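J.: Following this message is one structure expressed as structure tokens.
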Amino acid sequence: MEKTKFSMQTVRDRNKANGLYFRDGKCRIDYILVYRKSSPQTEKREVFERNIRAEGLQMEKESSLVNSDVIFVKLHAPWEVLGRYAEQMNVRMPFRRKIYYLPRRYKFMSRIDKQISRFRRWLPKKPMRLDKETLPDLEENDCYTAPFSQQRIHHFIIHNKDTFFNNATRSRIVHHILQRIKYEEGKNKIGLNRLLTNGSYEAAFPLHEGSYRSKNSIKTHGAVNHRHLLYECWASWGVWYKYQPLDLVRRYFGEKIGLYFAWLGWYTGMLFPAAFIGLFVFLYGVTTLDHCQVSKEVCQATDIIMCPVCDKYCPFMRLSDSCVYAKVTHLFDNGATVFFAVFMAVWATVFLEFWKRRRAVIAYDWDLIDWEEEEEEIRPQFEAKYSKKERMNPISGKPEPYQAFTDKCSRLIVSASGIFFMICVVIAAVFGIVIYRVVTVSTFAAFKWALIRNNSQVATTGTAVCINFCIIMLLNVLYEKVALLLTNLEQPRTESEWENSFTLKMFLFQFVNLNSSTFYIAFFLGRFTGHPGAYLRLINRWRLEECHPSGCLIDLCMQMGIIMVLKQTWNNFMELGYPLIQNWWTRRKVRQEHGTERKINFPQWEKDYNLQPMNAYGLFDEYLEMILQFGFTTIFVAAFPLAPLLALLNNIIEIRLDAYKFVTQWRRPLASRAKDIGIWYGILEGIGILSVITNAFVIAITSDFIPRLVYAYKYGPCAGQGEAGQKCMVGYVNASLSVFRISDFENRSEPESDGSEFSGTPLKYCRYRDYRDPPHSLAPYGYTLQFWHVLAARLAFIIVFEHLVFCIKHLISYLIPDLPKDLRDRMRREKYLIQEMMYEAELERLQKERKERKKNGKAHHNEWP
């Protein structure tokens, strides 16, 4: 007996020391509230805390070891409170272990499985899977669950009442209670969120389960707690190639965050085939480079003199000077590009369809199939604005504030006008970049350094992209404030409506901001420049920029490559670097004021308070970054096949960065439930549709695929023979260039050099990229028949490509069911078994009661059964 008392006392002392329990070492801390003594909202806080005790929650206060003005309020929910509110919230709890059965298997599939298993013997034994011995036995995943009921408590598996509800569920129940407690008399004066908004409390958060580090190795001594286990098996860089322990992530952080990491892991896994095919297209360009007739002709065209690409300062140049750019262009614009564009359009559809199936499996395993969000509370701002007008809520039957239709429409019109204005700001920024490009081409052409002077167009593109990136990052800061202002102006009724409205605005702003300059380079650069002697000009002053002699695709590749690398590097730095620096600065101030020894004795609530709070918009920033990357990976992938590879490498790092941030740098977020990724799925579908259209236009307009095809079948040596090999491309470069008489130059366009450095005599003619008649024809510089053939072929390709790809996409989405067949059978079987089990359990209970009554001599007639 004394030993038992001694061991219990030891456990209490240890619990008290780790900062996760009250002073008695028995009551576990389920939630922390933080306020300052100097806060003026003392009366509201006292009423709120009095009502907290009235609800049955236990409370304990502790002052900060660093700052005596900061007070921590520790909350604990006893078993009676947890049971009562778990029943109200329909919290699903395990009540019987699952009975697994083998699905029907066909002989053919069994043979295939045998062959695959033989092949697997030669491979390492599942190197990407985590060691099951290190992971805890997550009992609820192997059990049937049902909404908790105190009347049927004997149905549920309860080994220990203290651990029956896990920490995430306990904190979720306490948060639910706090959101419904009054702090003043009045129907709207309730909830913790309002107290956080008006400054009554400074912070509110559940505790982490102790330290994420341990002196002992996890392999020899095991994990100290789930946070330590997550750090070692998920957030550590040494396990970057391992699968994520999603069940453990869900148990610790909740379903909403678990679904984000499940989606991110699925997206990253699906990028492997896309990255492999993109790398194959690039390597195909490398291997066929020596056999490419077009690049050969460009490199050998020492006698073809090209017209200057800018006014006055740009010199004449040999076509062979752009040999390197022609070869680089072939790496991305080759015979496999069209196949890759079709593949990526189909890939996007397959990714989304299989994600629906994956989400269904996760929703089943996590008991989200039948879960429905409860009726949301009205936002305090909406109540304050429309409290005078009320009408009956058809769902709850209670009166609530009402926004008139005219007021809502007028606010939406103002918001839409603000969105349109901000998009105009983006277009103005792109216009500024265009002016920069047309001005600096001449500047770089007259530069002292030969390296820059000879590569003036590349220098212009490179500097323009870097300036554009800086403008993008500056405008992003502005957009967040504008989106917040416009969303609040609309006065959404609930938090989910507010979140959806804000998400759409931020995505639209950032998408347009990030891709507008890319769209300009892909579809407008060099398309409307006119021709030598009749150039089109901005404000009748600046000559519009032309494409490089080897095409515009090299500019698009540079734009995408630089923006993608810089954006991902910056995002990763801000995601991890900013909270690291903030937390380091906090620790440094504590060390300076109180010494290093004082830090070791900090309780868990003090350590967590010094961490960074989760973003105000939840997972918005994480989703937005990945969705924008998905757009970059699919929309212009025909111009940059290496985009999926860059995205894959970034995401492998991104998963561990986000995991490290959640486990070590942020306070523990509240475990929220969700059935899917929300509005982001619709945005992904929209990007998938847009990617088909843009890739069709990139191949048809930006690349030289169609002009080469028309030449091979209509104008080349193989015309009329139905062939399109490399020998059929002989003479293509010469056929794609028009002739210009130098004496026809405008005065402001006439170059300073007369071109005598090439042949010793002044040049009479130069060449330029276009399909126009020569100067001595009946209609000088008019479009040739080949131009109209190419234009018709481009339009026909766009129509055929789009219809073909959309048909394939719809066929795939039709053939792939949203719910896997084996999952459908499991769900039906589970429903049947649950009904049987509930009936048997109820029958057993009634029989026990009948026997007890017989023993006590109180048997009654007409009993059932």
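Following the order of the structure tokens, first chain is A, next is B, and so on, with residues numbered from 1 inside each chain and ligands from 1 in the order they appear.
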With a distance cut-off of 10 Å and only C-alpha atoms, select the neighbouring residues of Phe332 (chain A), excluding the residue or stretch itself and same-chain residues fewer than 4 positions from it, and output the selection as JSON, numbers by chain.
T.: {"A": [278, 281, 282, 283, 284, 285, 286, 327, 328, 336, 337, 553, 554, 557, 637, 638, 639, 640, 641, 642, 703]}
J.: Could you please take those selected residues and save N, CA and C atoms as a compact mmCIF listing (two decimals), in the first residue's frame?
T.:
```
# COMPACT_ATOMS: atom_id res chain seq x y z
N GLY A 278 8.82 15.36 -67.85
CA GLY A 278 9.40 16.66 -68.20
C GLY A 278 10.90 16.58 -68.38
N VAL A 281 11.58 14.94 -71.68
CA VAL A 281 11.44 15.87 -72.81
C VAL A 281 12.68 16.74 -72.95
N PHE A 282 13.20 17.22 -71.81
CA PHE A 282 14.41 18.04 -71.83
C PHE A 282 15.61 17.24 -72.34
N LEU A 283 15.77 16.01 -71.84
CA LEU A 283 16.89 15.17 -72.27
C LEU A 283 16.74 14.75 -73.74
N TYR A 284 15.49 14.59 -74.18
CA TYR A 284 15.26 14.30 -75.61
C TYR A 284 15.77 15.46 -76.46
N GLY A 285 15.52 16.69 -75.98
CA GLY A 285 16.05 17.85 -76.69
C GLY A 285 17.57 17.87 -76.69
N VAL A 286 18.19 17.44 -75.57
CA VAL A 286 19.65 17.39 -75.50
C VAL A 286 20.22 16.36 -76.48
N LYS A 327 20.05 26.67 -79.93
CA LYS A 327 20.22 25.34 -79.33
C LYS A 327 19.46 25.24 -78.01
N VAL A 328 19.52 26.30 -77.19
CA VAL A 328 18.78 26.29 -75.92
C VAL A 328 17.28 26.21 -76.19
N ALA A 336 8.81 16.51 -78.72
CA ALA A 336 8.11 15.91 -77.58
C ALA A 336 7.28 16.93 -76.80
N THR A 337 7.36 18.21 -77.17
CA THR A 337 6.68 19.25 -76.40
C THR A 337 5.17 19.10 -76.43
N LEU A 553 10.54 31.99 -77.23
CA LEU A 553 10.41 30.97 -76.20
C LEU A 553 11.52 31.07 -75.15
N ILE A 554 12.71 31.53 -75.57
CA ILE A 554 13.82 31.65 -74.63
C ILE A 554 13.49 32.68 -73.56
N CYS A 557 11.03 31.00 -71.12
CA CYS A 557 11.75 30.06 -70.25
C CYS A 557 12.49 30.79 -69.13
N VAL A 637 3.52 24.92 -68.94
CA VAL A 637 4.48 23.80 -68.89
C VAL A 637 5.01 23.46 -70.27
N ALA A 638 4.28 23.79 -71.33
CA ALA A 638 4.77 23.51 -72.69
C ALA A 638 6.01 24.33 -73.00
N ALA A 639 6.18 25.46 -72.34
CA ALA A 639 7.35 26.30 -72.57
C ALA A 639 8.49 25.97 -71.62
N PHE A 640 8.19 25.29 -70.51
CA PHE A 640 9.21 25.03 -69.51
C PHE A 640 8.98 23.65 -68.90
N PRO A 641 9.40 22.58 -69.59
CA PRO A 641 9.13 21.21 -69.12
C PRO A 641 9.79 20.86 -67.79
N LEU A 642 10.75 21.65 -67.34
CA LEU A 642 11.42 21.36 -66.07
C LEU A 642 10.64 21.90 -64.87
N SER A 703 5.68 28.97 -79.66
CA SER A 703 6.72 28.09 -80.20
C SER A 703 6.67 28.08 -81.72
```
J.: When you look at Asn160 (chain A) with a cut-off of 12 Å (counting only C-alpha atoms), what residues show up, excluding the ones that are within fewer than 5 positions of it in the same chain? I need them as a PDB file with C-alpha atoms, in the first residue's frame.
T.:
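Heads up, here's the output in part.pdb:
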```
ATOM      1  CA  TRP A  79     -14.823  13.626 -16.985  1.00  0.00           C
ATOM      2  CA  PHE A 165     -10.524  11.513 -24.820  1.00  0.00           C
ATOM      3  CA  ASN A 166      -7.139  12.374 -26.324  1.00  0.00           C
TER       4      ASN A 166
END
```
J.: Show which residues sit within 9 Å of Val733 (chain A), as a list in words. Count only C-alpha atoms, and ignore same-chain residues fewer than 4 positions away.
T.: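 In the requested format, the answer is Val294, Ser295, Glu297, Val298, Ala301, Met729 and Leu737 of chain A.
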J.: Just the strand (DSSP E) stuff from region 649-843 of chain A, please, per backbone DSSP, written as a PyMOL selection string.
T.: chain A and resi 737-741+765-769
J.: Please produce a file of those selected residues containing N, CA and C atoms, as a PDB file, in the first residue's frame.
T.:
```
ATOM      1  N   LEU A 737      12.442  33.795 -92.891  1.00  0.00           N
ATOM      2  CA  LEU A 737      12.965  35.164 -92.798  1.00  0.00           C
ATOM      3  C   LEU A 737      12.574  35.960 -94.033  1.00  0.00           C
ATOM      4  N   SER A 738      12.181  37.207 -93.802  1.00  0.00           N
ATOM      5  CA  SER A 738      11.846  38.108 -94.907  1.00  0.00           C
ATOM      6  C   SER A 738      13.004  39.067 -95.162  1.00  0.00           C
ATOM      7  N   VAL A 739      12.946  39.716 -96.324  1.00  0.00           N
ATOM      8  CA  VAL A 739      14.021  40.624 -96.763  1.00  0.00           C
ATOM      9  C   VAL A 739      13.553  42.072 -96.609  1.00  0.00           C
ATOM     10  N   PHE A 740      14.472  42.934 -96.124  1.00  0.00           N
ATOM     11  CA  PHE A 740      14.163  44.362 -95.989  1.00  0.00           C
ATOM     12  C   PHE A 740      15.276  45.182 -96.629  1.00  0.00           C
ATOM     13  N   ARG A 741      14.857  46.233 -97.366  1.00  0.00           N
ATOM     14  CA  ARG A 741      15.821  47.130 -97.981  1.00  0.00           C
ATOM     15  C   ARG A 741      16.180  48.218 -96.982  1.00  0.00           C
ATOM     16  N   TYR A 765      20.625  45.090 -97.906  1.00  0.00           N
ATOM     17  CA  TYR A 765      19.456  44.353 -97.419  1.00  0.00           C
ATOM     18  C   TYR A 765      19.785  43.681 -96.077  1.00  0.00           C
ATOM     19  N   CYS A 766      18.756  43.480 -95.258  1.00  0.00           N
ATOM     20  CA  CYS A 766      18.875  42.693 -94.030  1.00  0.00           C
ATOM     21  C   CYS A 766      17.627  41.816 -93.906  1.00  0.00           C
ATOM     22  N   ARG A 767      17.670  40.869 -92.997  1.00  0.00           N
ATOM     23  CA  ARG A 767      16.576  39.903 -92.851  1.00  0.00           C
ATOM     24  C   ARG A 767      15.888  40.098 -91.493  1.00  0.00           C
ATOM     25  N   TYR A 768      14.630  39.692 -91.412  1.00  0.00           N
ATOM     26  CA  TYR A 768      13.874  39.756 -90.154  1.00  0.00           C
ATOM     27  C   TYR A 768      12.859  38.615 -90.144  1.00  0.00           C
ATOM     28  N   ARG A 769      12.424  38.236 -88.910  1.00  0.00           N
ATOM     29  CA  ARG A 769      11.501  37.108 -88.743  1.00  0.00           C
ATOM     30  C   ARG A 769      10.075  37.534 -89.089  1.00  0.00           C
TER      31      ARG A 769
END
```
J.: Any idea what's packed within 12 Å of Thr503 (chain A), counting only C-alpha atoms, ignoring anything in its chain fewer than 6 positions away? Could you give it as a list in words?
T.: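 Here the answer would be Tyr479, Glu480, Ala483, Leu484, Leu486, Thr487, Glu495, Ser496, Glu497, Phe509, Gln510, Phe511, Tyr617, Gly618, Leu619, Phe620, Asp621, Glu622, Tyr623, Leu624, Ile627, Gly678, Ile679, Trp680, Gly682 and Ile683 of chain A.
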J.: Quick check, in Å to one decimal: how far apart do CA of Trp355 (chain A) and CA of Phe632 (chain A) lie?
T.: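 Value for the CA of Trp355 (chain A)-CA of Phe632 (chain A) distance: 19.5 Å.
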J.: Taking only C-alpha atoms into account, which of A:Glu575, A:Glu606, A:Glu752, A:Glu55 comes nearest Ile653 (chain A)?
T.: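 For Ile653 (chain A), the nearest of the given residues is A:Glu575.
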J.: Which residues come within 7 Å of Ala522 (chain A), counting only C-alpha atoms, excluding same-chain residues fewer than 4 positions away, as an MDAnalysis selection string?
T.: chainID A and resid 518 556 698 702
